[in-house]
file query11.txt (compact mmCIF, C-alpha atoms)
# COMPACT_ATOMS: atom_id res chain seq x y z
CA MET X 1 14.54 29.32 -4.90
CA ALA X 2 11.30 27.59 -5.89
CA ASP X 3 11.49 24.10 -7.38
CA ASN X 4 9.51 24.24 -10.64
CA ASP X 5 8.82 21.60 -13.24
CA ASN X 6 9.88 22.37 -16.79
CA LEU X 7 6.53 21.94 -18.48
CA PRO X 8 5.46 25.10 -20.32
CA SER X 9 2.30 26.66 -18.97
CA PRO X 10 -0.55 27.01 -21.46
CA ALA X 11 -2.02 30.42 -22.06
CA ALA X 12 -4.61 31.26 -19.44
CA THR X 13 -7.27 33.92 -19.55
CA ASP X 14 -6.58 36.64 -16.99
CA ALA X 15 -9.82 37.28 -15.12
CA ALA X 16 -8.69 40.84 -14.47
CA SER X 17 -9.15 41.57 -18.21
CA GLN X 18 -12.81 40.56 -18.20
CA PRO X 19 -15.56 43.15 -17.84
CA GLN X 20 -17.40 42.68 -14.57
CA GLY X 21 -20.76 40.98 -14.88
CA GLU X 22 -19.99 39.24 -18.18
CA THR X 23 -19.08 35.63 -18.77
CA LEU X 24 -16.38 35.44 -21.43
CA LEU X 25 -15.39 31.81 -21.52
CA ALA X 26 -13.40 30.47 -24.43
CA PRO X 27 -14.70 27.16 -25.84
CA ASP X 28 -11.78 25.31 -24.24
CA GLU X 29 -11.45 27.49 -21.13
CA PRO X 30 -9.71 25.28 -18.53
CA VAL X 31 -10.57 24.84 -14.91
CA GLN X 32 -7.39 25.86 -13.09
CA VAL X 33 -6.98 23.58 -10.08
CA GLY X 34 -4.70 24.57 -7.20
CA ILE X 35 -3.45 21.88 -4.80
CA LEU X 36 -1.84 22.97 -1.54
CA THR X 37 0.09 20.15 0.13
CA GLU X 38 2.25 19.48 3.16
CA GLY X 39 3.37 16.20 1.63
CA LYS X 40 0.48 13.91 2.51
CA ALA X 41 0.84 10.34 1.24
CA THR X 42 -2.41 10.66 -0.73
CA LEU X 43 -1.17 13.50 -2.98
CA ALA X 44 -0.29 11.29 -5.96
CA MET X 45 -3.76 9.70 -5.84
CA VAL X 46 -5.30 13.17 -5.95
CA ILE X 47 -3.21 14.16 -8.98
CA VAL X 48 -4.05 10.94 -10.83
CA GLY X 49 -7.73 11.35 -10.01
CA LEU X 50 -7.70 14.81 -11.58
CA VAL X 51 -5.65 13.78 -14.60
CA LEU X 52 -8.09 10.97 -15.39
CA GLN X 53 -11.17 13.19 -15.29
CA GLU X 54 -12.86 12.97 -18.68
CA SER X 55 -14.26 15.64 -21.00
CA VAL X 56 -13.04 18.69 -19.09
CA PRO X 57 -9.91 20.79 -19.74
CA LEU X 58 -7.80 21.08 -16.58
CA ASP X 59 -4.58 22.84 -15.59
CA ILE X 60 -3.07 21.74 -12.26
CA TYR X 61 -0.83 23.83 -10.01
CA ILE X 62 0.81 22.38 -6.90
CA VAL X 63 2.25 24.46 -4.06
CA ASP X 64 4.24 22.31 -1.65
CA THR X 65 4.95 23.45 1.93
CA ALA X 66 6.49 20.18 3.16
CA GLU X 67 9.93 20.13 4.77
CA SER X 68 11.16 17.75 2.06
CA ALA X 69 9.94 18.55 -1.44
CA VAL X 70 7.30 16.05 -2.58
CA ILE X 71 8.62 16.29 -6.13
CA LYS X 72 11.42 13.97 -4.95
CA ARG X 73 8.93 11.14 -4.31
CA ASP X 74 8.52 8.52 -7.02
CA ASP X 75 4.74 8.38 -6.70
CA VAL X 76 4.42 12.13 -7.31
CA VAL X 77 6.90 12.05 -10.20
CA PHE X 78 4.96 9.20 -11.83
CA ALA X 79 1.65 11.04 -11.37
CA MET X 80 3.10 14.16 -13.00
CA ARG X 81 4.46 12.07 -15.88
CA LEU X 82 0.97 10.69 -16.38
CA ALA X 83 -0.31 14.28 -16.50
CA SER X 84 2.23 15.04 -19.23
CA ASP X 85 1.20 11.94 -21.21
CA ARG X 86 -2.43 13.01 -20.93
CA GLY X 87 -1.65 16.57 -22.08
CA VAL X 88 -2.57 18.07 -18.69
CA TYR X 89 -0.34 20.90 -17.52
CA CYS X 90 0.93 20.21 -13.99
CA GLY X 91 2.98 23.01 -12.42
CA TYR X 92 4.89 22.67 -9.16
CA GLU X 93 6.51 24.99 -6.63
CA HIS X 94 8.12 24.29 -3.27
CA ILE X 95 7.95 27.15 -0.75
CA ARG X 96 9.54 27.34 2.67
CA GLU X 97 7.01 29.41 4.58
CA ARG X 98 6.58 28.15 8.15
CA ASN X 99 4.22 30.42 10.07
CA ARG X 100 1.39 30.97 7.56
CA LYS X 101 1.79 27.95 5.30
CA PHE X 102 -1.87 27.75 4.43
CA SER X 103 -2.51 31.43 3.70
CA VAL X 104 0.78 32.04 1.89
CA GLY X 105 0.33 28.81 -0.06
CA ARG X 106 -3.15 29.85 -1.17
CA LEU X 107 -1.78 33.23 -2.19
CA ARG X 108 0.92 31.59 -4.31
CA LEU X 109 -1.73 29.44 -5.95
CA LEU X 110 -3.71 32.56 -6.80
CA ASP X 111 -0.64 33.95 -8.56
CA GLU X 112 -1.13 31.06 -11.00
CA LEU X 113 -4.93 30.72 -10.93
CA ARG X 114 -5.74 33.81 -12.98
CA GLY X 115 -8.55 32.47 -15.16
CA PRO X 116 -12.31 32.77 -14.65
CA LEU X 117 -12.77 29.15 -13.49
CA ILE X 118 -10.61 28.17 -10.52
CA SER X 119 -10.71 25.38 -7.96
CA PHE X 120 -8.95 24.71 -4.65
CA MET X 121 -8.26 21.00 -4.11
CA ASP X 122 -7.01 19.36 -0.90
CA ASP X 123 -4.23 16.77 -1.02
CA ASP X 124 -6.50 14.05 0.41
CA ILE X 125 -9.67 14.55 -1.67
CA VAL X 126 -10.51 12.76 -4.93
CA LEU X 127 -13.37 13.44 -7.32
CA ALA X 128 -15.71 10.86 -8.78
CA PRO X 129 -14.89 10.26 -12.49
CA SER X 130 -17.76 12.39 -13.77
CA ALA X 131 -17.63 15.13 -11.14
CA SER X 132 -15.38 17.65 -12.89
CA HIS X 133 -17.27 17.28 -16.16
CA ASN X 134 -20.63 17.80 -14.48
CA LEU X 135 -19.36 20.84 -12.57
CA TYR X 136 -17.74 22.24 -15.72
CA GLU X 137 -20.87 21.91 -17.84
CA ARG X 138 -22.93 23.60 -15.15
CA ALA X 139 -20.33 26.38 -14.81
CA ARG X 140 -20.40 27.09 -18.53
CA ALA X 141 -24.20 27.38 -18.45
CA ALA X 142 -24.42 29.40 -15.23
CA GLY X 143 -23.09 32.78 -16.34
CA VAL X 144 -21.75 34.70 -13.36
CA PHE X 145 -21.99 32.58 -10.20
CA GLY X 146 -20.31 32.15 -6.84
CA PHE X 147 -19.21 28.53 -6.65
CA LEU X 148 -20.34 25.05 -7.65
CA SER X 149 -19.25 22.33 -5.23
CA PRO X 150 -19.46 18.55 -5.07
CA VAL X 151 -21.00 16.62 -2.20
CA LEU X 152 -18.10 15.53 0.02
CA LYS X 153 -18.19 12.02 1.49
CA ASN X 154 -16.43 10.77 4.66
CA TRP X 155 -16.07 14.19 6.23
CA GLY X 156 -18.57 14.10 9.10
CA ASP X 157 -20.34 17.39 9.68
CA ALA X 158 -17.24 19.54 9.24
CA ASP X 159 -18.09 20.44 5.65
CA ASN X 160 -21.01 22.69 6.56
CA PRO X 161 -20.11 25.53 8.93
CA LEU X 162 -23.33 27.42 8.07
CA PRO X 163 -26.31 25.03 8.01
CA GLY X 164 -28.88 25.83 5.37
CA ARG X 165 -26.37 27.61 3.14
CA PRO X 166 -24.34 26.12 0.25
CA HIS X 167 -20.78 25.52 1.42
CA TYR X 168 -17.60 25.40 -0.62
CA SER X 169 -15.75 22.09 -0.58
CA PRO X 170 -12.49 20.99 -2.24
CA GLY X 171 -12.77 20.49 -5.98
CA GLY X 172 -15.59 23.00 -6.33
CA ILE X 173 -15.38 25.58 -9.12
CA ILE X 174 -15.25 29.29 -8.24
CA TYR X 175 -16.11 31.95 -10.80
CA GLN X 176 -13.28 34.46 -10.54
CA ASP X 177 -13.66 37.95 -11.92
CA PRO X 178 -11.73 41.07 -10.76
CA VAL X 179 -14.01 41.57 -7.73
CA VAL X 180 -13.62 37.99 -6.47
CA ARG X 181 -9.90 37.94 -7.20
CA ARG X 182 -9.35 41.15 -5.23
CA VAL X 183 -11.28 39.84 -2.23
CA LEU X 184 -9.51 36.48 -2.22
CA ARG X 185 -6.07 38.06 -2.40
CA ASP X 186 -6.99 40.45 0.40
CA TYR X 187 -8.17 37.56 2.58
CA TYR X 188 -5.06 35.41 2.18
CA GLN X 189 -2.67 38.38 2.45
CA THR X 190 -4.07 39.90 5.61
CA THR X 191 -5.64 37.18 7.77
CA THR X 192 -4.53 34.18 9.78
CA ASP X 193 -6.50 31.04 9.02
CA VAL X 194 -7.15 28.28 11.56
CA LEU X 195 -4.90 26.08 9.42
CA ASP X 196 -1.90 28.40 9.79
CA ALA X 197 0.67 27.36 12.38
CA ARG X 198 1.31 30.85 13.72
CA GLY X 199 -0.05 34.33 13.26
CA GLY X 200 -2.21 36.88 14.99
CA PRO X 201 -4.59 35.95 17.79
CA ASP X 202 -7.71 36.55 15.68
CA ARG X 203 -8.11 33.55 13.40
CA LEU X 204 -10.60 32.99 10.61
CA TRP X 205 -11.78 29.86 8.79
CA GLU X 206 -11.63 29.77 5.00
CA LYS X 207 -14.60 27.42 4.63
CA ALA X 208 -16.94 29.73 6.54
CA PHE X 209 -15.48 32.76 4.79
CA LEU X 210 -16.09 31.38 1.29
CA SER X 211 -19.55 30.11 2.20
CA GLU X 212 -20.58 33.65 3.21
CA LEU X 213 -18.58 35.64 0.65
CA PHE X 214 -20.62 34.84 -2.42
CA PRO X 215 -24.07 35.51 -0.92
CA ALA X 216 -22.60 38.80 0.31
CA LEU X 217 -21.55 39.56 -3.28
CA GLY X 218 -25.03 38.70 -4.50
CA ARG X 219 -23.94 35.56 -6.34
CA SER X 220 -25.68 32.22 -6.23
CA SER X 221 -23.84 29.02 -5.31
CA GLU X 222 -24.75 25.35 -5.44
CA VAL X 223 -23.73 22.04 -3.91
CA ARG X 224 -24.35 19.61 -6.74
CA ALA X 225 -25.89 16.27 -5.82
CA ASP X 226 -24.69 14.79 -9.15
CA CYS X 227 -21.05 15.51 -8.26
CA LEU X 228 -19.26 13.52 -5.54
CA SER X 229 -15.86 13.80 -3.89
CA TYR X 230 -14.26 11.54 -1.29
CA HIS X 231 -12.03 12.24 1.69
CA LEU X 232 -9.26 9.64 1.39
CA ASP X 233 -7.80 9.66 4.89
CA TYR X 234 -10.19 7.22 6.54
CA ARG X 235 -8.23 7.20 9.80
CA GLU X 236 -8.48 10.95 10.22
CA ARG X 237 -11.49 12.77 11.58
CA PRO X 238 -11.91 16.49 11.06
CA VAL X 239 -10.06 18.50 13.69
CA ARG X 240 -12.56 21.01 14.99
CA TYR X 241 -11.16 21.95 18.38
CA ARG X 242 -9.69 25.11 16.89
CA VAL X 243 -12.98 26.10 15.26
CA ASP X 244 -15.82 27.35 17.41
CA ASP X 245 -18.83 29.55 16.74
CA SER X 246 -16.89 32.74 17.43
CA ILE X 247 -14.45 31.89 14.62
CA VAL X 248 -17.30 31.03 12.25
CA GLN X 249 -19.07 34.31 13.02
CA ALA X 250 -15.84 36.32 12.71
CA SER X 251 -15.25 34.71 9.31
CA VAL X 252 -18.80 35.54 8.21
CA SER X 253 -18.42 39.15 9.37
CA HIS X 254 -15.10 39.54 7.57
CA ALA X 255 -16.58 38.13 4.35
CA ARG X 256 -19.39 40.67 4.50
CA THR X 257 -16.96 43.52 5.16
CA LEU X 258 -14.67 42.63 2.26
CA ALA X 259 -17.62 42.04 -0.07
CA ALA X 260 -19.14 45.41 0.75
CA ALA X 261 -15.83 47.17 0.19
CA ALA X 262 -15.26 45.37 -3.10
CA LEU X 263 -18.74 46.20 -4.40
CA ALA X 264 -18.37 49.82 -3.36
CA THR X 265 -15.18 50.23 -5.40
CA SER X 266 -16.11 48.10 -8.43
call {"tool": "encode", "arguments": {"input": "query11.txt", "output": "C-alpha cells"}}
result
Amino acid sequence: MADNDNLPSPAATDAASQPQGETLLAPDEPVQVGILTEGKATLAMVIVGLVLQESVPLDIYIVDTAESAVIKRDDVVFAMRLASDRGVYCGYEHIRERNRKFSVGRLRLLDELRGPLISFMDDDIVLAPSASHNLYERARAAGVFGFLSPVLKNWGDADNPLPGRPHYSPGGIIYQDPVVRRVLRDYYQTTTDVLDARGGPDRLWEKAFLSELFPALGRSSEVRADCLSYHLDYRERPVRYRVDDSIVQASVSHARTLAAAALATS
C-alpha cells in the first residue's frame, strides 16, 4: 500500500478536458511539480527551494522509490511541514517498483500531474529564487508551447544531448494538453529508460526524447537565460557511459514516431 500524506489535494484542471490548440489557464492555475526520488540526501533542500519560490502557485507531488521511505526522515518531514505552513500542497507516495523505477515513477507522477502546466524536478536540483516566477509568467504569455526550461549549472555537457536545439532540464515547465499527455504516458508505459535498472535491451533516454518530441509536434520550446537551476551534488559527475549516440538517435526516432501517431489521431 502506498504511503500518502493526509493533506487534501487542491482541485486541478484536467488537461484532457481542454480543447486542443487553446490555452485555458485559470488566473491561479498552478504549476504541478513532480519529484521522483530514490532517497537522495538533497531531497529536503529541493522541496524547501520549491516551497520558497515567490509569486507562483505550485503543487508538489513526490514519488519515492527508495528502499526505506524518505517520509520517515526528519529533514523531509520538516520540509513538508514548511510546505503546509506556506499553503503549498505536497503529496507523497512510496512505491516498491524495482526494475523500472524511473519509468514507473514518472508514470505515477503523471497520474497526479493532470493540469496544463507540469514540471519534472530531480531530487538534487534547486531553482534560483526567481526562476519559477519567470518561467510561469512566460508560460502564461506563450499560449500553446512545448517546454520552457531554466539554464542548469554544474552539470557539464550532459544537459544538451542535441546541440543547437532547446533541451528540457529539471524544473522546466511543460505545456500538457491531451496530445502531450497521451504521448508521455505511452513513452513511460512502453519503454525502458537508461535510468531504469532492468528492462528490455533497447533503451531510450528521456532527455533526448523530450528535446525532440516538441519540435516533432510543431511546438516551440525555450531555454530561458533569466532562469537558473543548480545541480546540488558537487561530488557527482553525470554518468554517461550508458548513453551513446545510438541511444540518442533511437530516442529521437521514437519521439518522432509517437508525435506523428498522436497528430494523426488528434
call {"tool": "closest_atom_pairs", "arguments": {"input": "query11.txt", "of": "range 142-226 of chain X", "to": "range 109-124 of chain X", "cutoff": "7 Å", "atoms": "all atoms listed in the file", "output": "Markdown table"}}
result
| residue | atom | partner | partner_atom | distance |
| --- | --- | --- | --- | --- |
| X:Pro170 | CA | X:Met121 | CA | 4.6 |
| X:Gly171 | CA | X:Met121 | CA | 4.9 |
| X:Gly172 | CA | X:Ser119 | CA | 5.7 |
| X:Ile173 | CA | X:Ser119 | CA | 4.8 |
| X:Ile174 | CA | X:Ile118 | CA | 5.3 |
| X:Tyr175 | CA | X:Leu117 | CA | 5.1 |
| X:Gln176 | CA | X:Pro116 | CA | 4.5 |
| X:Asp177 | CA | X:Pro116 | CA | 6.0 |
call {"tool": "residues_around", "arguments": {"input": "query11.txt", "residues": "Thr37 in chain X", "least_positions_apart": "4", "cutoff": "12 Å", "atoms": "all atoms listed in the file", "output": "VMD selection string"}}
result
chain X and resid 41 to 44 46 to 47 61 to 71 76 92 to 95 101 to 102 105 to 106 109 120 to 125
call {"tool": "closest_residue", "arguments": {"input": "query11.txt", "among": "X:Leu52, X:Ala216, X:Leu25, X:Val31", "to": "Gly143 in chain X", "atoms": "all atoms listed in the file"}}
result
X:Leu25
call {"tool": "atom_distance", "arguments": {"input": "query11.txt", "atom1": "CA of Gly87 in chain X", "atom2": "CA of Val51 in chain X"}}
result
8.9 Å
call {"tool": "atom_distance", "arguments": {"input": "query11.txt", "atom1": "CA of Thr192 in chain X", "atom2": "CA of Leu204 in chain X"}}
result
6.2 Å
call {"tool": "atom_distance", "arguments": {"input": "query11.txt", "atom1": "CA of Ala208 in chain X", "atom2": "CA of His254 in chain X"}}
result
10.0 Å
call {"tool": "closest_residue", "arguments": {"input": "query11.txt", "among": "X:Gly91, X:Arg203, X:Phe214, X:Val77", "to": "Thr190 in chain X", "atoms": "all atoms listed in the file"}}
result
X:Arg203
call {"tool": "closest_residue", "arguments": {"input": "query11.txt", "among": "X:Arg73, X:Ser130, X:Glu54, X:Arg100", "to": "Gly200 in chain X", "atoms": "only C-alpha atoms"}}
result
X:Arg100
call {"tool": "residues_around", "arguments": {"input": "query11.txt", "residues": "Asn99 in chain X", "least_positions_apart": "3", "cutoff": "8 Å", "atoms": "all atoms listed in the file", "output": "list in words"}}
result
Asp196, Ala197, Arg198 and Gly199 of chain X
call {"tool": "write_last_selection", "arguments": {"input": "query11.txt", "atoms": "C-alpha atoms", "output": "PDB file, in the frame of the given file"}}
result
ATOM      1  CA  ASP X 196      -1.900  28.400   9.790  1.00  0.00           C
ATOM      2  CA  ALA X 197       0.670  27.360  12.380  1.00  0.00           C
ATOM      3  CA  ARG X 198       1.310  30.850  13.720  1.00  0.00           C
ATOM      4  CA  GLY X 199      -0.050  34.330  13.260  1.00  0.00           C
TER       5      GLY X 199
END
call {"tool": "closest_residue", "arguments": {"input": "query11.txt", "among": "X:Thr191, X:Ser220, X:Thr265, X:Asn134", "to": "Val104 in chain X", "atoms": "only C-alpha atoms"}}
result
X:Thr191
call {"tool": "closest_residue", "arguments": {"input": "query11.txt", "among": "X:Leu127, X:Glu29, X:Asp85, X:Cys227", "to": "Met45 in chain X", "atoms": "all atoms listed in the file"}}
result
X:Leu127
call {"tool": "closest_residue", "arguments": {"input": "query11.txt", "among": "X:Ala142, X:Ala131, X:Val248, X:Cys90", "to": "Leu210 in chain X", "atoms": "only C-alpha atoms"}}
result
X:Val248
call {"tool": "residues_around", "arguments": {"input": "query11.txt", "residues": "Ala225 in chain X", "least_positions_apart": "5", "cutoff": "10 Å", "atoms": "only C-alpha atoms", "output": "PyMOL selection string"}}
result
chain X and resi 131+149-152
call {"tool": "build_atoms", "arguments": {"input": "query11.txt", "residues": "range 32-59 of chain X", "atoms": "N, CA and C atoms", "output": "mmCIF file, keeping the file's coordinate frame"}}
result
data_model
loop_
_atom_site.group_PDB
_atom_site.id
_atom_site.type_symbol
_atom_site.label_atom_id
_atom_site.label_comp_id
_atom_site.auth_asym_id
_atom_site.auth_seq_id
_atom_site.Cartn_x
_atom_site.Cartn_y
_atom_site.Cartn_z
ATOM 1 N N GLN X 32 -8.730 25.820 -13.671
ATOM 2 C CA GLN X 32 -7.390 25.860 -13.090
ATOM 3 C C GLN X 32 -7.487 25.388 -11.642
ATOM 4 N N VAL X 33 -6.865 24.242 -11.376
ATOM 5 C CA VAL X 33 -6.980 23.580 -10.080
ATOM 6 C C VAL X 33 -5.700 23.802 -9.274
ATOM 7 N N GLY X 34 -5.838 24.349 -8.077
ATOM 8 C CA GLY X 34 -4.700 24.570 -7.200
ATOM 9 C C GLY X 34 -4.701 23.576 -6.051
ATOM 10 N N ILE X 35 -3.600 22.842 -5.895
ATOM 11 C CA ILE X 35 -3.450 21.880 -4.800
ATOM 12 C C ILE X 35 -2.396 22.399 -3.839
ATOM 13 N N LEU X 36 -2.771 22.578 -2.593
ATOM 14 C CA LEU X 36 -1.840 22.970 -1.540
ATOM 15 C C LEU X 36 -1.536 21.728 -0.707
ATOM 16 N N THR X 37 -0.258 21.390 -0.552
ATOM 17 C CA THR X 37 0.090 20.150 0.130
ATOM 18 C C THR X 37 1.214 20.346 1.127
ATOM 19 N N GLU X 38 1.143 19.589 2.219
ATOM 20 C CA GLU X 38 2.250 19.480 3.160
ATOM 21 C C GLU X 38 2.940 18.120 3.020
ATOM 22 N N GLY X 39 2.696 17.455 1.910
ATOM 23 C CA GLY X 39 3.370 16.200 1.630
ATOM 24 C C GLY X 39 2.599 14.963 2.025
ATOM 25 N N LYS X 40 1.282 15.056 2.103
ATOM 26 C CA LYS X 40 0.480 13.910 2.510
ATOM 27 C C LYS X 40 0.656 12.751 1.526
ATOM 28 N N ALA X 41 0.593 11.536 2.054
ATOM 29 C CA ALA X 41 0.840 10.340 1.240
ATOM 30 C C ALA X 41 -0.185 10.159 0.134
ATOM 31 N N THR X 42 -1.336 10.813 0.251
ATOM 32 C CA THR X 42 -2.410 10.660 -0.730
ATOM 33 C C THR X 42 -2.286 11.615 -1.920
ATOM 34 N N LEU X 43 -1.272 12.481 -1.934
ATOM 35 C CA LEU X 43 -1.170 13.500 -2.980
ATOM 36 C C LEU X 43 -1.174 12.904 -4.380
ATOM 37 N N ALA X 44 -0.369 11.868 -4.611
ATOM 38 C CA ALA X 44 -0.290 11.290 -5.960
ATOM 39 C C ALA X 44 -1.650 10.765 -6.415
ATOM 40 N N MET X 45 -2.425 10.185 -5.492
ATOM 41 C CA MET X 45 -3.760 9.700 -5.840
ATOM 42 C C MET X 45 -4.651 10.864 -6.270
ATOM 43 N N VAL X 46 -4.513 12.000 -5.606
ATOM 44 C CA VAL X 46 -5.300 13.170 -5.950
ATOM 45 C C VAL X 46 -4.945 13.656 -7.359
ATOM 46 N N ILE X 47 -3.646 13.722 -7.657
ATOM 47 C CA ILE X 47 -3.210 14.160 -8.980
ATOM 48 C C ILE X 47 -3.748 13.228 -10.060
ATOM 49 N N VAL X 48 -3.582 11.922 -9.842
ATOM 50 C CA VAL X 48 -4.050 10.940 -10.830
ATOM 51 C C VAL X 48 -5.558 11.045 -11.012
ATOM 52 N N GLY X 49 -6.290 11.221 -9.904
ATOM 53 C CA GLY X 49 -7.730 11.350 -10.010
ATOM 54 C C GLY X 49 -8.151 12.534 -10.860
ATOM 55 N N LEU X 50 -7.413 13.636 -10.758
ATOM 56 C CA LEU X 50 -7.700 14.810 -11.580
ATOM 57 C C LEU X 50 -7.326 14.562 -13.037
ATOM 58 N N VAL X 51 -6.143 14.008 -13.237
ATOM 59 C CA VAL X 51 -5.650 13.780 -14.600
ATOM 60 C C VAL X 51 -6.580 12.871 -15.391
ATOM 61 N N LEU X 52 -7.227 11.925 -14.710
ATOM 62 C CA LEU X 52 -8.090 10.970 -15.390
ATOM 63 C C LEU X 52 -9.542 11.433 -15.508
ATOM 64 N N GLN X 53 -9.833 12.654 -15.053
ATOM 65 C CA GLN X 53 -11.170 13.190 -15.290
ATOM 66 C C GLN X 53 -11.395 13.337 -16.790
ATOM 67 N N GLU X 54 -12.572 12.971 -17.251
ATOM 68 C CA GLU X 54 -12.860 12.970 -18.680
ATOM 69 C C GLU X 54 -13.660 14.205 -19.092
ATOM 70 N N SER X 55 -13.425 14.636 -20.327
ATOM 71 C CA SER X 55 -14.260 15.640 -21.000
ATOM 72 C C SER X 55 -14.281 16.983 -20.271
ATOM 73 N N VAL X 56 -13.148 17.367 -19.687
ATOM 74 C CA VAL X 56 -13.040 18.690 -19.090
ATOM 75 C C VAL X 56 -11.575 19.116 -19.161
ATOM 76 N N PRO X 57 -11.294 20.312 -19.695
ATOM 77 C CA PRO X 57 -9.910 20.790 -19.740
ATOM 78 C C PRO X 57 -9.457 21.259 -18.365
ATOM 79 N N LEU X 58 -8.319 20.740 -17.896
ATOM 80 C CA LEU X 58 -7.800 21.080 -16.580
ATOM 81 C C LEU X 58 -6.344 21.523 -16.676
ATOM 82 N N ASP X 59 -5.977 22.518 -15.896
ATOM 83 C CA ASP X 59 -4.580 22.840 -15.590
ATOM 84 C C ASP X 59 -4.429 22.620 -14.090
#
